[in-house]
Amino acid sequence: MNPQALARSRDFDHRGRAWYADRAVTVFVFIGGTSAILFIGGIFAFIAREGLGFVFTEFDAGEFFGSIAWRPTSALDATYGALALIVGTASITGLAMVVSIPFSLAAAVFIGEFARGRVRETLKVLVELLAAIPSVVWGFIGFSIMNSLIIDVFDVPIGLNVLNAGIILGLMAAPIMTTIAEDALKAVPDGYREAAEALGATRWQVIRKVVIPAAKNGLVAAVLLGVGRGFGETMVVLMASGHSINLPDSVFDSVRALTATIAAELGETAVGSDHFRALFTLGILLFLVTFAINLAADTIMRGIRRKGERGRP
Amino acid sequence: MVAGAAPDGGGASADALSAKVVVQNLTIRYGKHVALRGLDLSIRRNEILGIIGPAGSGKTSFLRALNRMDEFIPGMEVEGRITFDGRDIRRVRNVYALRSRIGVVFPLPVGLPLTVYENVALAPRLRGVRKGSELDEIVERCLRRAALWEEVKDRLDSLGSLLSGGQQQRLTIARALSQEPDLLLLDEFSIAVDPVTTMRIEDVLKDLKNEMSIVLVTNLVQQARRLADRTAFFLTGEHVETSGTARIFSGIVKDPRTHDYIEGRFG
């Protein structure tokens with residue numbers, strides 16, 4: 001072999017700066033990328049460690065899901081009935097969805113299908129700004145403004161109730177749902193709209209017969225993410241719901257939510273006590289429900305993406 | 001302005017009363033860019049009007065203006081006058097009713113995300129046909145006329161987008177026919193279609209001519225020669241001339257550029 005080629009082939013074993021930089025970046029992004037798995041696993045292990053101890057000892061499913069007596073601090077006979085908390089969270093989230101689904105879908109259709117040019121861009125920015133308002137601000141609005149408004153308008157003694165928390169939570173969830181729903185509408189190819197318009201369809205017919213069916217999965221996912229958001233929200237429901245244990249008869253009754261209970265009580269419990277561990281059991285319940293909702297939304301979104309790829313020529 | 005004024009040409013005045021569509025002094029702009037300049041042209045009843053010309057000559061813009069699709073294109077401005085059966089299309093009060101009488105076939109087949117059946121049943125449904133038997137009958141008739149029925153009759157409930165490219169294009173033709181249009185606009189329909197299917201569609205068009213006017217925009221000079229009764233030549237926004245297809249292709253042209261284009265010297 002001639003010496004020149006020999007010298008050059010020695011480079012094959014020489015690792016320069018670029019090689020090490022590449023390796024370093026690879027390791028760094030690998031850690032960043034996989035840390036999500038680590039965190040999810042870690043959080044679940046943490047909650048489970050504290051909560052499961054309760055689940056396998058004091059826990060009584062009949063009491064937990066069937067009783068409204070949440071009396072963790074009773075010295076003689078502590079009971080852990082979470083029914084009122086579950087119903088409280090469900091009723092607030094349910095009302096929030098009644099408020100936010102029509103609102104946000106209408107907003108998404110307007111921004112995506114009707115608004116043009118600068119109006120559209122401005123609205124999109126405003127909606128995203130709305131989504132960034134801290135929840136404590138929303139809670140404050142519920143606590144002060146909505147409270148007196150409900151008392152005045154409906155002539156009820158107290159304005160911190162399901163109605164208040166539901167409306168505030170609905171308004172809070174709407175921007176995120178609007179943004180995701182608008183993305184889903186935008187993913188519908190313009191060719192569909194043009195083709196339907198060329199058939200003589202009115203704009204509403206185009207939206208109803210073509211655009212919404214084509215974007216259906218994304219819209220469902222938007223709604224599910226809104227539900228998940230509402231379910232897990234803490235500050236608004238703590239401040240606006242009245243925070244009293246109660247099975248509501250009407251929207252004017254005060255209720256207490258799962259999340260708010262954890263937030264309000266955890267600081268006052270002894271670490272490792274039954275009460276402490278019971279709160280973690282509520283945490284497990286919340287975790288499982290929000291996990292299931294997000295998983296469903298994600299599966300549906302994936303469904304669209306795959307179908308979209310297949311549909312392209 | 002009397003454009004290219006010859007007896008068999010595109011002069012608006014000659015056809016003013018009998019033509020399906022009369023276009024006068026039509027100018028189309030996208031911002032500062034002029035896509036079509038001062039077009040005078042008419043579309044007669046029961047004819048196939050071929051429009052040829054290289055890319056960027058304003059052919060597609062012209063089609064868009066005919067059914068007022070410009071309203072969806074930001075920045076597209078249309079000036080001049082277009083009448084459809086004597087009515088100025090700018091002044092009709094229900095643009096959807098106007099569009100429903102004009103069928104459009106786009107260059108790439110746009111199968112709506114619906115089943116084969118629903119693709120063809122959509123336009124009848126939009127105009128209020130509810131009865132299942134009536135819809136079945138319309139769907140079968142339109143698919144037969146588009147030479148597609150035999151291939152899809154057993155899979156009417158599968159998605160239109162799962163058909164092959166050529167089948168999808170015939171599906172969009174069936175869909176256009178389901179509107180029962182008086183005017184059918186085809187924009188380079190054969191771009192994504194194999195030659196055999198193209199020939200089948202061409203045969204369909206020759207038949208359809210008895211019932212409607214057809215505007216055939218095409219890149220294929222020979223396709224215009226095979227199908228068109230008259231042929232218009234557009235070049236960078238200018239309407240160079242319109243003449244009987246036989247005349248143009250036998251070399252009787254008013255403008256030498258037409259001859260050069262047909263002979264394949266540019267474009």
# chains A, B, ... in the order shown; residues from 1 in each chain; ligands from 1
>>> residues_around(residues="segment 225-240 of chain A", least_positions_apart="6", cutoff="8 Å", atoms="only C-alpha atoms", output="JSON, numbers by chain")
{"A": [89, 90, 92, 93, 96, 97, 135, 136, 138, 139, 140, 142, 143, 147, 160, 161, 164, 165, 168, 169, 170, 173, 174, 176, 177, 256, 257, 259, 260, 261, 263, 286, 290, 293, 294, 297]}
>>> interface_residues(of="chain B", to="chain A", cutoff="6 Å", atoms="only C-alpha atoms", output="ChimeraX atom specification")
/B:96,99-100,112
>>> residues_around(residues="segment 154-158 of chain B", least_positions_apart="4", cutoff="6 Å", atoms="only C-alpha atoms", output="VMD selection string")
chain B and resid 115 to 117
>>> select_by_dssp(residues="segment 9-71 of chain B", states="alpha helix (DSSP H)", output="PyMOL selection string")
chain B and resi 12-15+59-66
>>> write_last_selection(atoms="N, CA, C and O atoms", output="mmCIF file, in the first residue's frame")
data_model
loop_
_atom_site.group_PDB
_atom_site.id
_atom_site.type_symbol
_atom_site.label_atom_id
_atom_site.label_comp_id
_atom_site.auth_asym_id
_atom_site.auth_seq_id
_atom_site.Cartn_x
_atom_site.Cartn_y
_atom_site.Cartn_z
ATOM 1 N N ALA B 12 -68.148 39.104 -29.149
ATOM 2 C CA ALA B 12 -69.281 39.004 -28.252
ATOM 3 C C ALA B 12 -70.581 39.336 -28.973
ATOM 4 O O ALA B 12 -71.607 38.709 -28.730
ATOM 5 N N SER B 13 -70.529 40.274 -29.866
ATOM 6 C CA SER B 13 -71.765 40.768 -30.454
ATOM 7 C C SER B 13 -72.470 39.717 -31.306
ATOM 8 O O SER B 13 -73.689 39.594 -31.258
ATOM 9 N N ALA B 14 -71.713 38.947 -32.037
ATOM 10 C CA ALA B 14 -72.302 37.977 -32.950
ATOM 11 C C ALA B 14 -73.180 36.981 -32.205
ATOM 12 O O ALA B 14 -74.213 36.543 -32.701
ATOM 13 N N ASP B 15 -72.742 36.631 -30.957
ATOM 14 C CA ASP B 15 -73.428 35.592 -30.227
ATOM 15 C C ASP B 15 -74.336 36.131 -29.135
ATOM 16 O O ASP B 15 -74.910 35.371 -28.374
ATOM 17 N N LYS B 59 -55.938 30.703 -18.254
ATOM 18 C CA LYS B 59 -57.041 29.765 -18.536
ATOM 19 C C LYS B 59 -57.830 29.421 -17.273
ATOM 20 O O LYS B 59 -59.060 29.480 -17.249
ATOM 21 N N THR B 60 -57.109 29.047 -16.236
ATOM 22 C CA THR B 60 -57.791 28.646 -15.001
ATOM 23 C C THR B 60 -58.490 29.832 -14.341
ATOM 24 O O THR B 60 -59.602 29.702 -13.830
ATOM 25 N N SER B 61 -57.839 31.001 -14.397
ATOM 26 C CA SER B 61 -58.471 32.203 -13.835
ATOM 27 C C SER B 61 -59.803 32.470 -14.520
ATOM 28 O O SER B 61 -60.790 32.843 -13.883
ATOM 29 N N PHE B 62 -59.827 32.247 -15.831
ATOM 30 C CA PHE B 62 -61.056 32.457 -16.590
ATOM 31 C C PHE B 62 -62.164 31.532 -16.073
ATOM 32 O O PHE B 62 -63.291 31.952 -15.814
ATOM 33 N N LEU B 63 -61.821 30.249 -15.873
ATOM 34 C CA LEU B 63 -62.822 29.311 -15.360
ATOM 35 C C LEU B 63 -63.332 29.737 -13.992
ATOM 36 O O LEU B 63 -64.518 29.669 -13.706
ATOM 37 N N ARG B 64 -62.393 30.186 -13.154
ATOM 38 C CA ARG B 64 -62.802 30.598 -11.807
ATOM 39 C C ARG B 64 -63.793 31.747 -11.864
ATOM 40 O O ARG B 64 -64.741 31.807 -11.082
ATOM 41 N N ALA B 65 -63.550 32.680 -12.789
ATOM 42 C CA ALA B 65 -64.438 33.839 -12.874
ATOM 43 C C ALA B 65 -65.835 33.413 -13.328
ATOM 44 O O ALA B 65 -66.832 34.007 -12.940
ATOM 45 N N LEU B 66 -65.912 32.335 -14.135
ATOM 46 C CA LEU B 66 -67.203 31.946 -14.705
ATOM 47 C C LEU B 66 -68.211 31.512 -13.646
ATOM 48 O O LEU B 66 -69.409 31.708 -13.823
#
>>> residues_around(residues="Arg45 of chain B", least_positions_apart="3", cutoff="12 Å", atoms="only C-alpha atoms", output="list in words")
Asp15, Ala16, Leu17, Ser18, Ala19, Lys20, Val21, Val22, Ser42, Ile48, Leu49, Phe84, Asp85, Asp182, Leu183, Leu184, Leu208, Lys209, Asn210, Glu211, Met212, Ser213, Ile214, Val215 and Asp229 of chain B
>>> residues_around(residues="Glu134 of chain B", least_positions_apart="4", cutoff="10 Å", atoms="only C-alpha atoms", output="PDB file with N, CA, C and O atoms, in the first residue's frame")
ATOM      1  N   ALA B 121     -74.226  11.820  -4.531  1.00  0.00           N
ATOM      2  CA  ALA B 121     -75.552  12.196  -4.013  1.00  0.00           C
ATOM      3  C   ALA B 121     -75.541  13.564  -3.345  1.00  0.00           C
ATOM      4  O   ALA B 121     -76.603  14.109  -3.052  1.00  0.00           O
ATOM      5  N   PRO B 124     -77.423  16.531  -5.372  1.00  0.00           N
ATOM      6  CA  PRO B 124     -78.885  16.364  -5.303  1.00  0.00           C
ATOM      7  C   PRO B 124     -79.438  16.597  -3.903  1.00  0.00           C
ATOM      8  O   PRO B 124     -80.484  17.238  -3.742  1.00  0.00           O
ATOM      9  N   VAL B 129     -83.256  16.880  -2.806  1.00  0.00           N
ATOM     10  CA  VAL B 129     -83.758  15.534  -3.099  1.00  0.00           C
ATOM     11  C   VAL B 129     -83.576  14.686  -1.837  1.00  0.00           C
ATOM     12  O   VAL B 129     -82.480  14.573  -1.319  1.00  0.00           O
ATOM     13  N   ARG B 130     -84.657  14.114  -1.330  1.00  0.00           N
ATOM     14  CA  ARG B 130     -84.587  13.348  -0.083  1.00  0.00           C
ATOM     15  C   ARG B 130     -84.842  11.859  -0.301  1.00  0.00           C
ATOM     16  O   ARG B 130     -84.320  11.027   0.427  1.00  0.00           O
ATOM     17  N   ILE B 138     -80.424   8.707  -9.446  1.00  0.00           N
ATOM     18  CA  ILE B 138     -79.513   9.770  -9.916  1.00  0.00           C
ATOM     19  C   ILE B 138     -78.063   9.275  -9.865  1.00  0.00           C
ATOM     20  O   ILE B 138     -77.291   9.460 -10.815  1.00  0.00           O
ATOM     21  N   VAL B 139     -77.703   8.645  -8.748  1.00  0.00           N
ATOM     22  CA  VAL B 139     -76.320   8.183  -8.583  1.00  0.00           C
ATOM     23  C   VAL B 139     -75.964   7.192  -9.688  1.00  0.00           C
ATOM     24  O   VAL B 139     -74.912   7.308 -10.333  1.00  0.00           O
TER      25      VAL B 139
END
>>> atom_distance(atom1="atom CA of Gly267 of chain A", atom2="atom CA of Phe46 of chain A")
17.2 Å
>>> closest_residue(among="B:Gly31, B:Gly111, B:Gly237, B:Gly165", to="Ala55 of chain B", atoms="only C-alpha atoms")
B:Gly237
>>> select_by_dssp(residues="segment 36-208 of chain B", states="strand (DSSP E)", output="PyMOL selection string")
chain B and resi 36-43+48-52+76-84+87-88+102-105+183-187
>>> write_last_selection(atoms="N, CA and C atoms", output="compact mmCIF listing (two decimals), in the first residue's frame")
# COMPACT_ATOMS: atom_id res chain seq x y z
N LEU B 36 -55.38 38.03 -16.78
CA LEU B 36 -56.16 37.98 -18.03
C LEU B 36 -56.55 39.41 -18.36
N ARG B 37 -56.43 39.77 -19.66
CA ARG B 37 -56.55 41.19 -20.02
C ARG B 37 -57.62 41.36 -21.09
N GLY B 38 -58.69 42.04 -20.77
CA GLY B 38 -59.68 42.46 -21.76
C GLY B 38 -60.23 41.35 -22.62
N LEU B 39 -60.68 40.27 -21.99
CA LEU B 39 -61.15 39.12 -22.77
C LEU B 39 -62.58 39.32 -23.25
N ASP B 40 -62.80 39.12 -24.56
CA ASP B 40 -64.15 39.03 -25.10
C ASP B 40 -64.30 37.65 -25.71
N LEU B 41 -65.32 36.96 -25.28
CA LEU B 41 -65.46 35.56 -25.73
C LEU B 41 -66.88 35.14 -25.44
N SER B 42 -67.38 34.21 -26.24
CA SER B 42 -68.69 33.67 -25.88
C SER B 42 -68.64 32.16 -25.91
N ILE B 43 -69.52 31.57 -25.13
CA ILE B 43 -69.62 30.11 -25.11
C ILE B 43 -71.00 29.78 -25.65
N ILE B 48 -68.40 22.32 -27.54
CA ILE B 48 -67.22 22.19 -26.70
C ILE B 48 -66.26 23.28 -27.13
N LEU B 49 -65.98 24.20 -26.19
CA LEU B 49 -65.02 25.25 -26.48
C LEU B 49 -63.69 24.84 -25.86
N GLY B 50 -62.71 24.64 -26.69
CA GLY B 50 -61.39 24.29 -26.18
C GLY B 50 -60.62 25.57 -25.86
N ILE B 51 -59.90 25.57 -24.75
CA ILE B 51 -59.00 26.70 -24.48
C ILE B 51 -57.60 26.14 -24.31
N ILE B 52 -56.71 26.57 -25.18
CA ILE B 52 -55.33 26.09 -25.10
C ILE B 52 -54.40 27.26 -24.80
N MET B 76 -57.85 38.08 -5.59
CA MET B 76 -58.26 37.94 -6.99
C MET B 76 -59.37 38.95 -7.29
N GLU B 77 -59.10 39.79 -8.30
CA GLU B 77 -60.09 40.80 -8.66
C GLU B 77 -60.57 40.58 -10.09
N VAL B 78 -61.86 40.71 -10.29
CA VAL B 78 -62.44 40.47 -11.60
C VAL B 78 -63.17 41.73 -12.05
N GLU B 79 -62.83 42.18 -13.28
CA GLU B 79 -63.54 43.32 -13.87
C GLU B 79 -64.13 42.88 -15.18
N GLY B 80 -65.16 43.62 -15.63
CA GLY B 80 -65.79 43.28 -16.89
C GLY B 80 -67.12 42.62 -16.63
N ARG B 81 -67.69 42.08 -17.70
CA ARG B 81 -69.06 41.58 -17.57
C ARG B 81 -69.15 40.17 -18.11
N ILE B 82 -69.81 39.31 -17.35
CA ILE B 82 -70.08 37.95 -17.80
C ILE B 82 -71.57 37.72 -17.67
N THR B 83 -72.21 37.31 -18.76
CA THR B 83 -73.62 36.96 -18.64
C THR B 83 -73.81 35.49 -18.87
N PHE B 84 -74.72 34.92 -18.09
CA PHE B 84 -75.06 33.50 -18.17
C PHE B 84 -76.54 33.45 -18.49
N ARG B 87 -78.12 36.74 -18.00
CA ARG B 87 -78.07 37.41 -16.68
C ARG B 87 -76.63 37.73 -16.32
N ASP B 88 -76.41 38.97 -15.86
CA ASP B 88 -75.08 39.35 -15.40
C ASP B 88 -74.78 38.57 -14.10
N ILE B 102 -73.44 25.12 -12.82
CA ILE B 102 -72.15 25.03 -13.50
C ILE B 102 -71.33 23.92 -12.86
N GLY B 103 -71.05 22.89 -13.62
CA GLY B 103 -70.23 21.79 -13.09
C GLY B 103 -68.76 22.09 -13.30
N VAL B 104 -67.93 21.73 -12.32
CA VAL B 104 -66.50 21.97 -12.46
C VAL B 104 -65.72 20.67 -12.22
N VAL B 105 -64.76 20.40 -13.07
CA VAL B 105 -63.86 19.27 -12.86
C VAL B 105 -62.45 19.82 -12.76
N LEU B 183 -73.65 24.01 -17.91
CA LEU B 183 -72.31 24.38 -18.35
C LEU B 183 -71.32 23.54 -17.56
N LEU B 184 -70.42 22.88 -18.30
CA LEU B 184 -69.46 22.03 -17.62
C LEU B 184 -68.06 22.58 -17.90
N LEU B 185 -67.32 22.86 -16.82
CA LEU B 185 -65.97 23.41 -16.97
C LEU B 185 -64.96 22.34 -16.62
N LEU B 186 -64.07 22.02 -17.54
CA LEU B 186 -63.05 21.01 -17.26
C LEU B 186 -61.68 21.67 -17.31
N ASP B 187 -60.96 21.59 -16.19
CA ASP B 187 -59.65 22.22 -16.12
C ASP B 187 -58.57 21.15 -16.18
>>> closest_residue(among="A:Asp249, A:Asp298, A:Asp274, A:Asp77", to="Glu58 of chain A", atoms="only C-alpha atoms")
A:Asp274
>>> atom_distance(atom1="atom CA of Lys186 of chain A", atom2="atom CA of Ala296 of chain A")
21.5 Å
>>> atom_distance(atom1="atom CA of Glu268 of chain A", atom2="atom CA of Phe287 of chain A")
22.0 Å
>>> closest_residue(among="B:Leu148, B:Lys32, B:Phe234, B:Pro107", to="Thr197 of chain B", atoms="only C-alpha atoms")
B:Leu148
>>> residues_around(residues="Ile284 of chain A", least_positions_apart="5", cutoff="9 Å", atoms="only C-alpha atoms", output="list in words")
Phe44, Ile47, Ala48, Gly51, Leu52, Leu279 and Val289 of chain A
>>> write_last_selection(atoms="all heavy atoms", output="PDB file, in the first residue's frame")
ATOM      1  N   PHE A  44     -46.362   8.624  38.910  1.00  0.00           N
ATOM      2  CA  PHE A  44     -47.322   7.577  39.254  1.00  0.00           C
ATOM      3  C   PHE A  44     -46.806   6.748  40.432  1.00  0.00           C
ATOM      4  O   PHE A  44     -47.559   6.427  41.355  1.00  0.00           O
ATOM      5  CB  PHE A  44     -47.615   6.683  38.052  1.00  0.00           C
ATOM      6  CG  PHE A  44     -48.759   5.750  38.333  1.00  0.00           C
ATOM      7  CD1 PHE A  44     -50.063   6.237  38.375  1.00  0.00           C
ATOM      8  CD2 PHE A  44     -48.547   4.408  38.590  1.00  0.00           C
ATOM      9  CE1 PHE A  44     -51.127   5.410  38.669  1.00  0.00           C
ATOM     10  CE2 PHE A  44     -49.612   3.568  38.876  1.00  0.00           C
ATOM     11  CZ  PHE A  44     -50.907   4.069  38.916  1.00  0.00           C
ATOM     12  N   ILE A  47     -47.288   8.829  43.677  1.00  0.00           N
ATOM     13  CA  ILE A  47     -48.683   8.886  44.135  1.00  0.00           C
ATOM     14  C   ILE A  47     -49.115   7.511  44.628  1.00  0.00           C
ATOM     15  O   ILE A  47     -49.767   7.366  45.669  1.00  0.00           O
ATOM     16  CB  ILE A  47     -49.614   9.351  43.002  1.00  0.00           C
ATOM     17  CG1 ILE A  47     -49.253  10.773  42.584  1.00  0.00           C
ATOM     18  CG2 ILE A  47     -51.057   9.315  43.451  1.00  0.00           C
ATOM     19  CD1 ILE A  47     -50.081  11.270  41.419  1.00  0.00           C
ATOM     20  N   ALA A  48     -48.731   6.496  43.889  1.00  0.00           N
ATOM     21  CA  ALA A  48     -49.157   5.137  44.231  1.00  0.00           C
ATOM     22  C   ALA A  48     -48.564   4.725  45.583  1.00  0.00           C
ATOM     23  O   ALA A  48     -49.245   4.128  46.408  1.00  0.00           O
ATOM     24  CB  ALA A  48     -48.724   4.166  43.136  1.00  0.00           C
ATOM     25  N   GLY A  51     -50.560   6.533  48.173  1.00  0.00           N
ATOM     26  CA  GLY A  51     -51.999   6.256  48.149  1.00  0.00           C
ATOM     27  C   GLY A  51     -52.337   4.790  48.307  1.00  0.00           C
ATOM     28  O   GLY A  51     -53.300   4.432  48.991  1.00  0.00           O
ATOM     29  N   LEU A  52     -51.541   3.936  47.707  1.00  0.00           N
ATOM     30  CA  LEU A  52     -51.913   2.517  47.692  1.00  0.00           C
ATOM     31  C   LEU A  52     -51.885   1.919  49.097  1.00  0.00           C
ATOM     32  O   LEU A  52     -52.656   1.012  49.408  1.00  0.00           O
ATOM     33  CB  LEU A  52     -51.009   1.729  46.748  1.00  0.00           C
ATOM     34  CG  LEU A  52     -51.301   1.949  45.252  1.00  0.00           C
ATOM     35  CD1 LEU A  52     -50.349   1.130  44.390  1.00  0.00           C
ATOM     36  CD2 LEU A  52     -52.739   1.593  44.909  1.00  0.00           C
ATOM     37  N   LEU A 279     -55.836  11.471  50.786  1.00  0.00           N
ATOM     38  CA  LEU A 279     -55.743  12.516  49.758  1.00  0.00           C
ATOM     39  C   LEU A 279     -54.986  12.000  48.540  1.00  0.00           C
ATOM     40  O   LEU A 279     -55.317  12.325  47.399  1.00  0.00           O
ATOM     41  CB  LEU A 279     -55.056  13.766  50.330  1.00  0.00           C
ATOM     42  CG  LEU A 279     -55.852  14.526  51.388  1.00  0.00           C
ATOM     43  CD1 LEU A 279     -55.046  15.693  51.937  1.00  0.00           C
ATOM     44  CD2 LEU A 279     -57.175  15.026  50.804  1.00  0.00           C
ATOM     45  N   VAL A 289     -58.211   9.122  35.710  1.00  0.00           N
ATOM     46  CA  VAL A 289     -59.240   9.687  34.833  1.00  0.00           C
ATOM     47  C   VAL A 289     -58.615  10.597  33.778  1.00  0.00           C
ATOM     48  O   VAL A 289     -58.888  10.480  32.579  1.00  0.00           O
ATOM     49  CB  VAL A 289     -60.304  10.442  35.652  1.00  0.00           C
ATOM     50  CG1 VAL A 289     -61.249  11.203  34.728  1.00  0.00           C
ATOM     51  CG2 VAL A 289     -61.091   9.473  36.521  1.00  0.00           C
TER      52      VAL A 289
END
>>> closest_residue(among="B:Arg247, B:Arg29, B:Arg200, B:Arg145", to="Ala228 of chain B", atoms="only C-alpha atoms")
B:Arg247
